[in-house]
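The block underneath contains the structure these notes are about, expressed in structure tokens.
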Amino acid sequence: MPRGPAMRWTTATLRAMSTQTSNAPSATRRGDIHRWRNTLIATTRDAPSDAELPSHVLMSRAGFIRRVGAGIYSYLPLAHRTLNKLCAIIREELEAAGSMEMLMPSMEPMEFFAGSKRDVDYGDNLFRLTDRHGRVAALAPTHEEIITDVVKAAVTSYKQLPLNLYQIQTKFRDEFRPRAGLLRCREFLMKDAYSFHLDIEGEGGLDEVYETMRTAYTNIFQRCGLDFSAVEAESGPIGGSASHEFMVNCETGEDTIMVCPETGYAANVEKCEIGERQWSLDHAATAEHQEHHTPKMPGIDLVAGALGTTAAGMLKPLVMQPAEPADDRPAWVLVTVRGDHDVNEGKVRDALGYAVKMGDEKAAKEAGFAIGYVSPRMVEKVESSVLVIDHDAVNGPTWATGADKYDHHDTGFNWQRDMAGVFGSASATDETPHARVRIAEVRNAEVGDPSPRAKGARLEARRGIEVGHIFKLGDKYSKAGDFQIMDKDQKRRHVIMGCYGIGVSRTMAACVEMSHDDNGIVWPVPLAPYAVVITLIKPEDEQSIDTATTLAASLATEGYDVLIDDRAERPGVKFKDADLIGFPLRVTIGPKTLEQNSVEIKSRSAESEAELVAIDDALEACKRRL
RNA sequence: CGGGGUGUAGCGCAGCUUGGUAGCGCGUCUCGUUCGGGACGAGAAGGUCGGAGGUUCGAAUCCUCUCACCCCGACCA
């Protein structure tokens, strides 16, 4: 016979406590009551040595996750409970937004990817496997192709649209470098939704559903108790403000968000616009041209130092080329920004009307570019090239730049004098001074740049973890999968799609990253594996058990999940574990409290001390704190 | 992929330079004393030293190959 109270907790009594007796659906879900002794909750003092970030360390130590391989984790019962709560919230909000749940396979034949060329776009990030017949399949990273195929088979008329479908499922990405525990995995839990429309605008159009989903996302993350920002993001194929990311605000986040403190405008650095700056082409030369020998200087700061200037005094021309060559596109795109700025490929694409990529180094050298020592003058020397200059790189009388021959740089470069061929007759603020020259905003925004939304305001930077991303896909996949339907005018048209993702397992980790202290995790109530832990100081004491049972039952009736710590451990161990796991509320029951006919209640988050509450008032006291 | 590093008990580590048959802390099990913030004493269990090959009387230790994993750089939920 086991020692202690185990014999008092028969399976039957537990079932009676935690199971609904009626078959009718109830508004409030009955909470679970579990005993620690019967669960798998293994806490440790030390974290695995590879864990660095708080979320990784704490979730490992608190017994939420266990690493199986690189970027692969088991979700232990605690994590599974939290994930389920997150999923329940997601389901409720998406169903309310008119989305229907379904489930697609993780394995999909490679042919599906050929049409959309994502087998190429995803490259090595796509997990591939070969079956016994030599057929190649992929473990799905997302399901645009499959869902398009499914809907295409069933939907032939505009009358069946709009349609909005989602699934919650394990996804696979063969990340080059999985890291940071659950934040960047090779296998992870994701909610992906897809919507289908005849039009972008109007009733039932993409824009309308996109807004509905945006609201649903806001509701989801709010209900989770997360501190988050919805920011404008790089959108891909359609352009405009057609994409938003949902970021959990957190200093350890990998993404940088730019924020205008006055208007609340927020955007990913990739996307962030920059407010108007003064610029002019009309700068007369103030210095003589001079060539300098600058061998073996990796890094622009070294070169700038050798030339007696700073990175901000240099021009940084990058040799790029169209991502997809075409007859009406040049072979080379020379993008020039100030030395201390970074080129933003999305903005170059918007300025030019087509996407660009870094130029092939070998081909660039053959075309005459002295890679590493290039100047904007090359646009005059290389046929089939265009020059794109950032506003900040054009605005100044004297620049240092490459000399267009190896190991040499020039100082005293002046746009008007040294490139008279293209700037000679241009007016001071002409953004197209020459057929092959464009002046545009093509750099990333930086801290201190003028806000694009409020005069005088300066952009600030914040960090975040991306947990959700919604965007307007347009007809990319319906064209790739040739999905057309008949419209009112009996014309066949490609459907318009939207796509909406939430990294479910990542959201759980981001929540820990955002909400923890020195003692452990601090779960918001909606995501906590159990809202309440009842710590028994003397787990074998009958009166303690009775009190705990009664309180747990009434909490469960109110919909709260309760864990009863009935382990034969010393109190200190139980308190430490409760703090580590991060239950929002701890109710302590022991001889000392029972003497006064009371229990002790303590919030995990609040600074306030533990409070002694009469047993009869315990339920209400708990509810007030949850 | 480029650069750096690590594989020894469930977790954290020492031992390797200078070969001699594996140890410490936490955890686990037993007994006793304890019992409101990670107790103490006594005893016990647990390891193909990542894998293969080689050198040697003898390899965790030296050599070769290999596998796995981690950290720093370009993508993404």
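Here, A, B, ... name the chains of the structure tokens in the order displayed, residue numbers run from 1 inside each chain, and ligands are numbered from 1 in the same displayed order.
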
Practice task
Run DSSP on the backbone and grab whatever in stretch 189-272 of chain A lands in strand (DSSP E or B); send it over as number ranges by chain.
Solution key: A: 189-197, 228-232, 243-249, 255-259, 266-268

Exercise for the section: Return as a ChimeraX atom specification the residues belonging to chain A that are within 8 Å of chain B, counting only C-alpha atoms (C1' of nucleotides). Expected result: /A:44-50,70,190,466-469,501-504,506,537,570-573,575-576

Show me, as a short mmCIF file (atom, residue, chain, number, x, y, z; two decimals) with N, CA, C and O atoms, in the first residue's frame, the residues that have an atom within 9 Å of A:Ile89 when counting only C-alpha atoms (C1' of nucleotides), minus same-chain residues fewer than 5 positions from it.
data_model
loop_
_atom_site.label_atom_id
_atom_site.label_comp_id
_atom_site.auth_asym_id
_atom_site.auth_seq_id
_atom_site.Cartn_x
_atom_site.Cartn_y
_atom_site.Cartn_z
N ASN A 84 -2.65 23.91 -25.70
CA ASN A 84 -4.08 23.69 -25.88
C ASN A 84 -4.90 24.93 -25.56
O ASN A 84 -5.88 25.24 -26.22
N LEU A 94 -11.07 32.60 -34.44
CA LEU A 94 -11.12 32.38 -35.89
C LEU A 94 -12.51 31.93 -36.32
O LEU A 94 -13.01 32.35 -37.37
N ILE A 220 -6.98 37.67 -30.37
CA ILE A 220 -6.28 36.46 -29.90
C ILE A 220 -5.14 36.84 -28.97
O ILE A 220 -5.02 36.34 -27.85
N PHE A 221 -4.30 37.75 -29.44
CA PHE A 221 -3.11 38.05 -28.63
C PHE A 221 -3.46 38.85 -27.38
O PHE A 221 -2.80 38.74 -26.35
N ARG A 223 -6.33 38.38 -25.72
CA ARG A 223 -6.89 37.40 -24.79
C ARG A 223 -5.80 36.54 -24.15
O ARG A 223 -5.98 36.03 -23.05
N CYS A 224 -4.70 36.35 -24.85
CA CYS A 224 -3.59 35.57 -24.29
C CYS A 224 -2.87 36.35 -23.20
O CYS A 224 -2.06 35.79 -22.47
N PRO A 526 -4.63 33.24 -18.86
CA PRO A 526 -5.23 32.49 -19.98
C PRO A 526 -4.32 31.40 -20.54
O PRO A 526 -4.80 30.45 -21.13
#

Problem - B:G73 environment, 12 Å, only C-alpha atoms (C1' of nucleotides), sequence neighbours closer than 4 positions dropped, as a ChimeraX atom specification - result: /A:176-177 /B:1-4

Include N, CA and C atoms (P, O5', C5', C4', C3', O3' and C1' of nucleotides) and write out the residues we just selected as a compact mmCIF listing (two decimals), in the first residue's frame.
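See out.txt below for the written result:
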# COMPACT_ATOMS: atom_id res chain seq x y z
N PHE A 176 18.73 26.43 -41.37
CA PHE A 176 20.18 26.30 -41.36
C PHE A 176 20.66 26.18 -39.93
N ARG A 177 20.10 27.05 -39.10
CA ARG A 177 20.58 27.08 -37.73
C ARG A 177 19.41 27.21 -36.77
P C B 1 28.22 21.51 -45.88
O5' C B 1 28.69 23.02 -46.11
C5' C B 1 27.97 23.77 -47.03
C4' C B 1 28.39 25.22 -47.00
C3' C B 1 29.49 25.63 -46.02
O3' C B 1 30.79 25.35 -46.55
C1' C B 1 27.72 27.18 -45.89
P G B 2 32.05 25.15 -45.52
O5' G B 2 32.30 26.62 -44.99
C5' G B 2 32.97 27.58 -45.80
C4' G B 2 33.17 28.87 -45.03
C3' G B 2 33.80 28.72 -43.66
O3' G B 2 35.20 28.56 -43.69
C1' G B 2 31.92 30.14 -43.52
P G B 3 35.92 27.62 -42.57
O5' G B 3 35.83 28.52 -41.26
C5' G B 3 36.61 29.70 -41.14
C4' G B 3 36.23 30.48 -39.92
C3' G B 3 36.37 29.73 -38.59
O3' G B 3 37.70 29.69 -38.11
C1' G B 3 34.28 30.80 -38.65
P G B 4 38.16 28.42 -37.22
O5' G B 4 37.38 28.62 -35.85
C5' G B 4 37.96 29.37 -34.80
C4' G B 4 37.01 29.47 -33.64
C3' G B 4 36.87 28.23 -32.77
O3' G B 4 37.93 28.08 -31.84
C1' G B 4 34.72 29.07 -33.26

Problem - Nearest to A:Ala233, chosen from A:Tyr73, A:Phe113, A:Tyr158, A:Phe471, with only C-alpha atoms counted in the distances - result: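 Distance minimum relative to A:Ala233 lands on A:Phe471.
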
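Here atom CA of A:Tyr194 and atom CA of A:Ile90 stand 14.6 Å from one another.
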
Practice task
Work out how far atom CA of A:Thr588 is from atom CA of A:Gln543, in Å to one decimal.
Solution key: 13.1 Å

Practice task
Give the helix (DSSP H, G or I) residues of stretch 263-463 of chain A, as DSSP finds them on the backbone, and put them as a PyMOL selection string.
Solution key: chain A and resi 300-306+311-313+345-352+361-366+378-381+391-394+415-418+420-423

What would the file look like if the residues just selected were written as a PDB file, in the first residue's frame with C-alpha atoms?
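The file below, out34.pdb, is the result:
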ATOM      1  CA  ILE A 300      33.932  50.416 -44.704  1.00  0.00           C
ATOM      2  CA  ASP A 301      35.064  51.923 -41.393  1.00  0.00           C
ATOM      3  CA  LEU A 302      38.668  50.905 -42.036  1.00  0.00           C
ATOM      4  CA  VAL A 303      38.636  52.463 -45.486  1.00  0.00           C
ATOM      5  CA  ALA A 304      36.952  55.612 -44.219  1.00  0.00           C
ATOM      6  CA  GLY A 305      39.585  55.921 -41.522  1.00  0.00           C
ATOM      7  CA  ALA A 306      42.388  55.590 -44.039  1.00  0.00           C
ATOM      8  CA  ALA A 311      31.383  55.903 -43.151  1.00  0.00           C
ATOM      9  CA  ALA A 312      28.814  58.696 -43.401  1.00  0.00           C
ATOM     10  CA  GLY A 313      31.181  60.541 -45.729  1.00  0.00           C
ATOM     11  CA  GLU A 345      16.008  45.457 -51.442  1.00  0.00           C
ATOM     12  CA  GLY A 346      12.263  45.869 -51.087  1.00  0.00           C
ATOM     13  CA  LYS A 347      12.552  49.613 -51.556  1.00  0.00           C
ATOM     14  CA  VAL A 348      14.825  49.134 -54.568  1.00  0.00           C
ATOM     15  CA  ARG A 349      12.170  46.853 -56.017  1.00  0.00           C
ATOM     16  CA  ASP A 350       9.484  49.477 -55.434  1.00  0.00           C
ATOM     17  CA  ALA A 351      11.619  52.196 -57.037  1.00  0.00           C
ATOM     18  CA  LEU A 352      12.433  50.090 -60.087  1.00  0.00           C
ATOM     19  CA  GLU A 361      30.422  38.338 -58.212  1.00  0.00           C
ATOM     20  CA  LYS A 362      32.137  36.502 -61.009  1.00  0.00           C
ATOM     21  CA  ALA A 363      29.856  37.906 -63.699  1.00  0.00           C
ATOM     22  CA  ALA A 364      30.151  41.377 -62.188  1.00  0.00           C
ATOM     23  CA  LYS A 365      33.931  41.256 -62.412  1.00  0.00           C
ATOM     24  CA  GLU A 366      33.723  40.114 -66.007  1.00  0.00           C
ATOM     25  CA  MET A 378      30.377  52.695 -63.522  1.00  0.00           C
ATOM     26  CA  VAL A 379      26.873  53.401 -64.755  1.00  0.00           C
ATOM     27  CA  GLU A 380      28.462  55.436 -67.540  1.00  0.00           C
ATOM     28  CA  LYS A 381      31.007  52.763 -68.345  1.00  0.00           C
ATOM     29  CA  HIS A 391      18.404  60.635 -51.198  1.00  0.00           C
ATOM     30  CA  ASP A 392      20.982  60.778 -48.430  1.00  0.00           C
ATOM     31  CA  ALA A 393      23.748  59.623 -50.740  1.00  0.00           C
ATOM     32  CA  VAL A 394      23.109  62.287 -53.342  1.00  0.00           C
ATOM     33  CA  TRP A 415      28.113  64.146 -58.380  1.00  0.00           C
ATOM     34  CA  GLN A 416      27.735  67.239 -60.593  1.00  0.00           C
ATOM     35  CA  ARG A 417      31.337  67.549 -61.647  1.00  0.00           C
ATOM     36  CA  ASP A 418      32.354  63.911 -61.842  1.00  0.00           C
ATOM     37  CA  ALA A 420      28.294  65.590 -65.591  1.00  0.00           C
ATOM     38  CA  GLY A 421      27.219  63.188 -68.308  1.00  0.00           C
ATOM     39  CA  VAL A 422      24.161  62.155 -66.344  1.00  0.00           C
ATOM     40  CA  PHE A 423      23.588  65.096 -64.005  1.00  0.00           C
TER      41      PHE A 423
END

Handout entry: Atom pair atom CA of A:Asp617 / atom CA of A:Ser605: separation (Å)
Key =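 Value for the atom CA of A:Asp617-atom CA of A:Ser605 distance: 21.3 Å.
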
Neighbouring residues of A:Glu232 were defined as those with any atom within 8 Å, considering only C-alpha atoms (C1' of nucleotides); residues of the same chain fewer than 4 positions away were excluded. Please report them as a PDB file with N, CA, C and O atoms, in the first residue's frame.
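Written output follows (out13.pdb):
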ATOM      1  N   SER A 241       0.372  48.566 -48.102  1.00  0.00           N
ATOM      2  CA  SER A 241       0.428  48.154 -46.709  1.00  0.00           C
ATOM      3  C   SER A 241      -0.333  46.852 -46.539  1.00  0.00           C
ATOM      4  O   SER A 241      -1.210  46.719 -45.715  1.00  0.00           O
ATOM      5  N   SER A 243       0.491  43.929 -45.529  1.00  0.00           N
ATOM      6  CA  SER A 243       1.018  42.888 -44.665  1.00  0.00           C
ATOM      7  C   SER A 243       1.264  43.432 -43.270  1.00  0.00           C
ATOM      8  O   SER A 243       1.761  44.540 -43.116  1.00  0.00           O
ATOM      9  N   HIS A 244       0.879  42.644 -42.283  1.00  0.00           N
ATOM     10  CA  HIS A 244       1.137  43.040 -40.900  1.00  0.00           C
ATOM     11  C   HIS A 244       1.772  41.893 -40.135  1.00  0.00           C
ATOM     12  O   HIS A 244       1.412  40.733 -40.332  1.00  0.00           O
ATOM     13  N   GLU A 245       2.688  42.253 -39.274  1.00  0.00           N
ATOM     14  CA  GLU A 245       3.265  41.280 -38.368  1.00  0.00           C
ATOM     15  C   GLU A 245       2.795  41.584 -36.960  1.00  0.00           C
ATOM     16  O   GLU A 245       2.650  42.750 -36.601  1.00  0.00           O
ATOM     17  N   ALA A 266       4.011  51.973 -36.556  1.00  0.00           N
ATOM     18  CA  ALA A 266       5.034  50.975 -36.246  1.00  0.00           C
ATOM     19  C   ALA A 266       5.232  50.086 -37.449  1.00  0.00           C
ATOM     20  O   ALA A 266       4.282  49.696 -38.113  1.00  0.00           O
ATOM     21  N   ALA A 267       6.477  49.777 -37.745  1.00  0.00           N
ATOM     22  CA  ALA A 267       6.769  48.933 -38.906  1.00  0.00           C
ATOM     23  C   ALA A 267       8.050  48.163 -38.675  1.00  0.00           C
ATOM     24  O   ALA A 267       8.940  48.614 -37.957  1.00  0.00           O
ATOM     25  N   ASN A 268       8.115  47.015 -39.316  1.00  0.00           N
ATOM     26  CA  ASN A 268       9.365  46.260 -39.325  1.00  0.00           C
ATOM     27  C   ASN A 268      10.432  47.116 -40.025  1.00  0.00           C
ATOM     28  O   ASN A 268      10.114  47.823 -40.973  1.00  0.00           O
ATOM     29  N   LYS A 271      10.468  47.292 -43.633  1.00  0.00           N
ATOM     30  CA  LYS A 271       9.371  47.950 -44.327  1.00  0.00           C
ATOM     31  C   LYS A 271       9.309  49.447 -44.045  1.00  0.00           C
ATOM     32  O   LYS A 271       8.791  50.227 -44.847  1.00  0.00           O
ATOM     33  N   CYS A 272       9.829  49.845 -42.914  1.00  0.00           N
ATOM     34  CA  CYS A 272       9.604  51.190 -42.389  1.00  0.00           C
ATOM     35  C   CYS A 272       9.968  52.299 -43.381  1.00  0.00           C
ATOM     36  O   CYS A 272      11.074  52.338 -43.916  1.00  0.00           O
TER      37      CYS A 272
END

Handout entry: Nearest-residue call for A:Pro105, choices A:Ala510, A:Ile146, A:Leu126, A:Leu318, using only C-alpha atoms
Key =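 Smallest separation from A:Pro105 among the options: A:Ile146.
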
Exercise for the section: Fewer than 2 positions away in the same chain doesn't count, so skip those; otherwise give me all residues within 12 Å of B:A14, counting only C-alpha atoms (C1' of nucleotides), as number ranges by chain. Expected result: B: 8, 12, 16, 22-25

Go ahead and save the picked residues with N, CA and C atoms (P, O5', C5', C4', C3', O3' and C1' of nucleotides), as a compact mmCIF listing (two decimals), in the first residue's frame.
# COMPACT_ATOMS: atom_id res chain seq x y z
P U B 8 28.72 13.83 -22.92
O5' U B 8 29.85 12.91 -22.27
C5' U B 8 29.91 11.53 -22.56
C4' U B 8 30.53 10.78 -21.43
C3' U B 8 29.87 10.99 -20.08
O3' U B 8 28.71 10.20 -19.91
C1' U B 8 32.19 11.24 -19.83
P G B 12 23.18 19.03 -19.28
O5' G B 12 23.98 19.69 -18.06
C5' G B 12 23.60 20.98 -17.58
C4' G B 12 24.47 21.37 -16.43
C3' G B 12 25.97 21.28 -16.68
O3' G B 12 26.46 22.40 -17.39
C1' G B 12 25.46 20.27 -14.61
P C B 16 44.02 15.65 -16.61
O5' C B 16 43.89 14.96 -18.02
C5' C B 16 44.34 13.63 -18.23
C4' C B 16 44.26 13.29 -19.70
C3' C B 16 45.05 14.23 -20.60
O3' C B 16 45.70 13.49 -21.62
C1' C B 16 42.74 14.21 -21.22
P A B 22 37.25 1.35 -13.76
O5' A B 22 37.17 2.94 -13.78
C5' A B 22 38.09 3.70 -13.00
C4' A B 22 37.65 5.12 -12.92
C3' A B 22 36.37 5.35 -12.11
O3' A B 22 36.68 5.52 -10.74
C1' A B 22 36.28 6.53 -14.18
P G B 23 35.54 5.38 -9.62
O5' G B 23 35.06 6.87 -9.40
C5' G B 23 35.66 7.62 -8.37
C4' G B 23 35.57 9.09 -8.64
C3' G B 23 34.29 9.80 -8.22
O3' G B 23 34.19 9.98 -6.82
C1' G B 23 35.04 10.64 -10.30
P C B 24 32.78 10.22 -6.12
O5' C B 24 32.54 11.77 -6.37
C5' C B 24 33.37 12.74 -5.74
C4' C B 24 32.98 14.12 -6.16
C3' C B 24 31.52 14.48 -5.98
O3' C B 24 31.20 14.81 -4.64
C1' C B 24 32.24 15.23 -8.09
P G B 25 29.71 14.56 -4.10
O5' G B 25 28.88 15.77 -4.72
C5' G B 25 29.15 17.10 -4.32
C4' G B 25 28.29 18.05 -5.11
C3' G B 25 26.81 17.70 -5.15
O3' G B 25 26.11 18.12 -3.99
C1' G B 25 27.55 18.19 -7.33

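The smallest atom-to-atom distance between A:Leu78 and any of A:Gly412, A:Gly63, A:Pro330, A:Gly31, using only C-alpha atoms, is found for A:Gly63.
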
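Near A:Gly590, within a cut-off of 10 Å and counting only C-alpha atoms (C1' of nucleotides), sit the residues A:Thr535, A:Leu536, A:Ile537, A:Lys538, A:Pro539, A:Asp541, A:Gln543, A:Ser544, A:Ile545, A:Thr547, A:Pro571, A:Glu595, A:Ser598, A:Val599, A:Glu600, B:G36, with same-chain residues fewer than 5 positions away left out.
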